[in-house]
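Asks: protein.cif is reproduced below (mmCIF, C-alpha atoms).
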```cif
data_target
loop_
_atom_site.label_atom_id
_atom_site.label_comp_id
_atom_site.auth_asym_id
_atom_site.auth_seq_id
_atom_site.Cartn_x
_atom_site.Cartn_y
_atom_site.Cartn_z
CA MET A 1 331.71 -150.89 250.11
CA GLU A 2 331.01 -148.15 252.63
CA PHE A 3 327.38 -147.03 252.49
CA TYR A 4 328.25 -143.36 251.97
CA ILE A 5 330.26 -144.30 248.87
CA PHE A 6 327.20 -146.02 247.41
CA ILE A 7 325.06 -142.97 248.17
CA ALA A 8 327.68 -140.63 246.68
CA LEU A 9 327.81 -142.73 243.51
CA LEU A 10 324.01 -142.70 243.32
CA VAL A 11 324.06 -138.91 243.58
CA SER A 12 326.72 -138.83 240.87
CA LEU A 13 324.53 -141.00 238.63
CA LEU A 14 321.52 -138.74 239.22
CA TRP A 15 323.56 -135.60 238.55
CA GLY A 16 325.07 -137.27 235.49
CA ALA A 17 321.60 -138.02 234.10
CA HIS A 18 320.34 -134.52 234.88
CA PRO A 19 321.99 -132.73 231.91
CA VAL A 20 320.75 -135.36 229.48
CA VAL A 21 317.15 -135.11 230.63
CA THR A 22 317.32 -131.32 230.98
CA LYS A 23 318.78 -130.88 227.49
CA TYR A 24 315.95 -133.01 226.09
CA LEU A 25 313.37 -130.87 227.90
CA LEU A 26 315.11 -127.65 226.81
CA SER A 27 314.58 -128.70 223.20
CA LYS A 28 310.83 -128.50 223.88
CA TYR A 29 310.42 -125.83 226.56
CA SER A 30 311.96 -122.51 227.56
CA VAL A 31 314.54 -122.08 230.29
CA ILE A 32 312.11 -120.14 232.50
CA THR A 33 309.46 -122.87 232.23
CA LEU A 34 311.91 -125.56 233.33
CA LEU A 35 313.32 -123.42 236.13
CA LEU A 36 309.88 -122.54 237.44
CA PHE A 37 308.46 -126.05 237.22
CA SER A 38 311.50 -127.78 238.73
CA SER A 39 311.70 -125.17 241.50
CA ALA A 40 308.01 -125.61 242.33
CA VAL A 41 308.42 -129.39 242.54
CA TYR A 42 311.59 -129.00 244.61
CA PHE A 43 309.80 -126.59 246.96
CA TYR A 44 306.91 -129.03 247.35
CA PHE A 45 309.23 -131.86 248.39
CA ILE A 46 311.26 -129.66 250.73
CA ALA A 47 308.06 -128.33 252.34
CA THR A 48 306.82 -131.90 252.80
CA VAL A 49 310.06 -132.92 254.52
CA ALA A 50 309.93 -129.76 256.65
CA ILE A 51 306.47 -130.70 257.93
CA PHE A 52 307.85 -133.94 259.32
CA ARG A 53 310.98 -132.27 260.71
CA ASN A 54 309.34 -129.13 262.07
CA LYS A 55 311.04 -129.30 265.49
CA GLU A 56 314.47 -129.28 263.89
CA LEU A 57 313.43 -126.47 261.55
CA THR A 58 311.96 -124.40 264.41
CA ASN A 59 315.10 -124.87 266.53
CA ASP A 60 317.31 -123.77 263.66
CA LEU A 61 315.16 -120.75 262.81
CA ASN A 62 315.16 -119.64 266.46
CA LYS A 63 318.94 -119.68 266.69
CA MET A 64 319.68 -118.31 263.20
CA THR A 65 321.54 -115.01 263.22
CA PRO A 66 320.77 -112.23 260.73
CA ASN A 67 324.24 -112.72 259.26
CA ASP A 68 323.61 -116.44 258.70
CA ALA A 69 320.22 -115.64 257.15
CA LEU A 70 321.94 -113.21 254.76
CA ILE A 71 324.50 -115.88 253.85
CA LEU A 72 321.68 -118.37 253.16
CA ILE A 73 319.81 -115.86 251.02
CA SER A 74 322.98 -115.07 249.06
CA LEU A 75 323.71 -118.76 248.65
CA ALA A 76 320.19 -119.41 247.37
CA PHE A 77 320.45 -116.53 244.91
CA PHE A 78 323.93 -117.16 243.55
CA ALA A 79 324.56 -120.90 243.96
CA VAL A 80 321.03 -122.05 243.18
CA PHE A 81 319.09 -119.46 241.18
CA MET A 82 321.91 -117.84 239.18
CA ALA A 83 323.90 -121.05 238.72
CA ASN A 84 320.85 -123.03 237.56
CA SER A 85 319.69 -120.21 235.27
CA LEU A 86 323.10 -119.92 233.64
CA TYR A 87 323.44 -123.70 233.48
CA TYR A 88 320.10 -124.15 231.69
CA TYR A 89 320.89 -121.24 229.37
CA ILE A 90 324.24 -122.69 228.20
CA LEU A 91 323.00 -126.28 228.15
CA LYS A 92 320.16 -125.39 225.77
CA ASP A 93 322.49 -124.62 222.85
CA ASN A 94 325.65 -126.58 223.67
CA SER A 95 326.81 -130.17 224.04
CA SER A 96 325.61 -131.69 227.29
CA SER A 97 328.84 -133.67 227.75
CA ILE A 98 331.03 -130.58 227.42
CA VAL A 99 328.80 -128.38 229.57
CA SER A 100 328.62 -131.10 232.22
CA ALA A 101 332.38 -131.56 232.23
CA LEU A 102 332.79 -127.85 232.84
CA ILE A 103 330.00 -127.63 235.42
CA PHE A 104 331.04 -130.74 237.33
CA SER A 105 334.62 -129.53 237.64
CA ALA A 106 333.30 -127.88 240.81
CA PRO A 107 335.42 -130.08 243.13
CA ALA A 108 338.51 -128.23 241.92
CA PHE A 109 336.96 -124.93 243.03
CA THR A 110 335.71 -126.52 246.25
CA LEU A 111 339.21 -127.68 247.14
CA VAL A 112 340.72 -124.22 246.62
CA LEU A 113 337.85 -122.35 248.33
CA SER A 114 337.83 -124.71 251.32
CA TYR A 115 341.57 -124.11 251.67
CA LEU A 116 341.12 -120.32 251.54
CA PHE A 117 338.01 -119.94 253.70
CA LEU A 118 337.84 -123.03 255.92
CA LYS A 119 341.60 -123.50 256.34
CA GLU A 120 341.34 -127.12 255.16
CA SER A 121 344.58 -128.61 253.94
CA ILE A 122 345.41 -129.45 250.35
CA ARG A 123 347.43 -132.62 250.02
CA LEU A 124 349.19 -134.17 247.07
CA TYR A 125 346.15 -136.27 246.16
CA GLY A 126 344.01 -133.12 246.12
CA LEU A 127 346.42 -131.40 243.75
CA LEU A 128 346.56 -134.50 241.55
CA GLY A 129 342.75 -134.57 241.60
CA ILE A 130 342.55 -130.95 240.44
CA LEU A 131 345.01 -131.67 237.64
CA SER A 132 342.99 -134.74 236.66
CA ILE A 133 339.79 -132.70 236.58
CA ILE A 134 341.39 -130.02 234.43
CA LEU A 135 342.86 -132.63 232.09
CA GLY A 136 339.50 -134.43 231.92
CA VAL A 137 337.64 -131.22 231.07
CA VAL A 138 340.16 -130.39 228.35
CA LEU A 139 339.92 -133.90 226.89
CA ILE A 140 336.11 -133.99 226.97
CA SER A 141 335.88 -130.51 225.45
CA GLN A 142 337.87 -131.83 222.47
CA ASN A 143 335.14 -134.44 221.87
#
```
Reformat the file's structure so that it appears as structure tokens.
Replies:
Amino acid sequence: MEFYIFIALLVSLLWGAHPVVTKYLLSKYSVITLLLFSSAVYFYFIATVAIFRNKELTNDLNKMTPNDALILISLAFFAVFMANSLYYYILKDNSSSIVSALIFSAPAFTLVLSYLFLKESIRLYGLLGILSIILGVVLISQN
């Protein structure tokens, strides 16, 4: 098995466990507490990695354009802060398997958005994948 496939499956396992653990914690703590605590821990680990990769970070910051900085800020706000806030909010009171099926249907959106904005091609397998995702979400939501 290719190494990247193993890593991708490990990430999938971790992301698959995330809703289960988060839902358990949401039964005990508020959304804001979990968001704040997990963000603080995430920041700590990212800062630690940045210390060891400071040359790379400095090079990137020196060549970053204001437009790219704005894109990164928007991405952090919408794709991280807003998405996680909404995710925790809906996960708290709904089935983790259904919420996860809906949330992790993201590859369907990625395929369409990458076609529209990055001019990547959509092949038959991509279309079949999107249909499979939609069918899977519908079937899981009937659980």
Asks: Taking (324.1, -121.9, 236.1) as a centre in this file's frame and 12 Å as the limit, can you find every polymer residue with an atom that close, using all atoms listed in the file, and give them as a PyMOL selection string?
Replies: chain A and resi 19+31+35+77-92+99-100+102-104+106
Asks: When distances are computed from all atoms listed in the file, which of A:Ser95, A:Pro66, A:Leu10, A:Tyr44 shows the smallest separation from Thr22 (chain A)?
Replies: A:Ser95
Asks: Have a look at CA of Leu34 (chain A) and CA of Ala50 (chain A) and let me know their distance in Å, one decimal.
Replies: 23.8 Å
Asks: Selection in question (the file shown): the PyMOL selection byres ((chain A and resi 108) around 12). Which residues does it include, as number ranges by chain?
Replies: A: 101-107, 109-115, 122, 125-137
Asks: My list of candidates is A:Val138, A:Ile98, A:Ala47, A:Val41. Which is closest to Val20 (chain A) when distances are computed with all atoms listed in the file?
Replies: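 Once distances to Val20 (chain A) are computed over all atoms listed in the file, the minimum belongs to A:Ile98.
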Asks: One decimal, Å: what's the distance from CA of Leu57 (chain A) over to CA of Leu75 (chain A), could you say?
Replies: 18.2 Å
Asks: To one decimal place, how far is CA of Phe52 (chain A) from CA of Ser38 (chain A) in Å?
Replies: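 Separating CA of Phe52 (chain A) from CA of Ser38 (chain A) is a distance of 21.8 Å.
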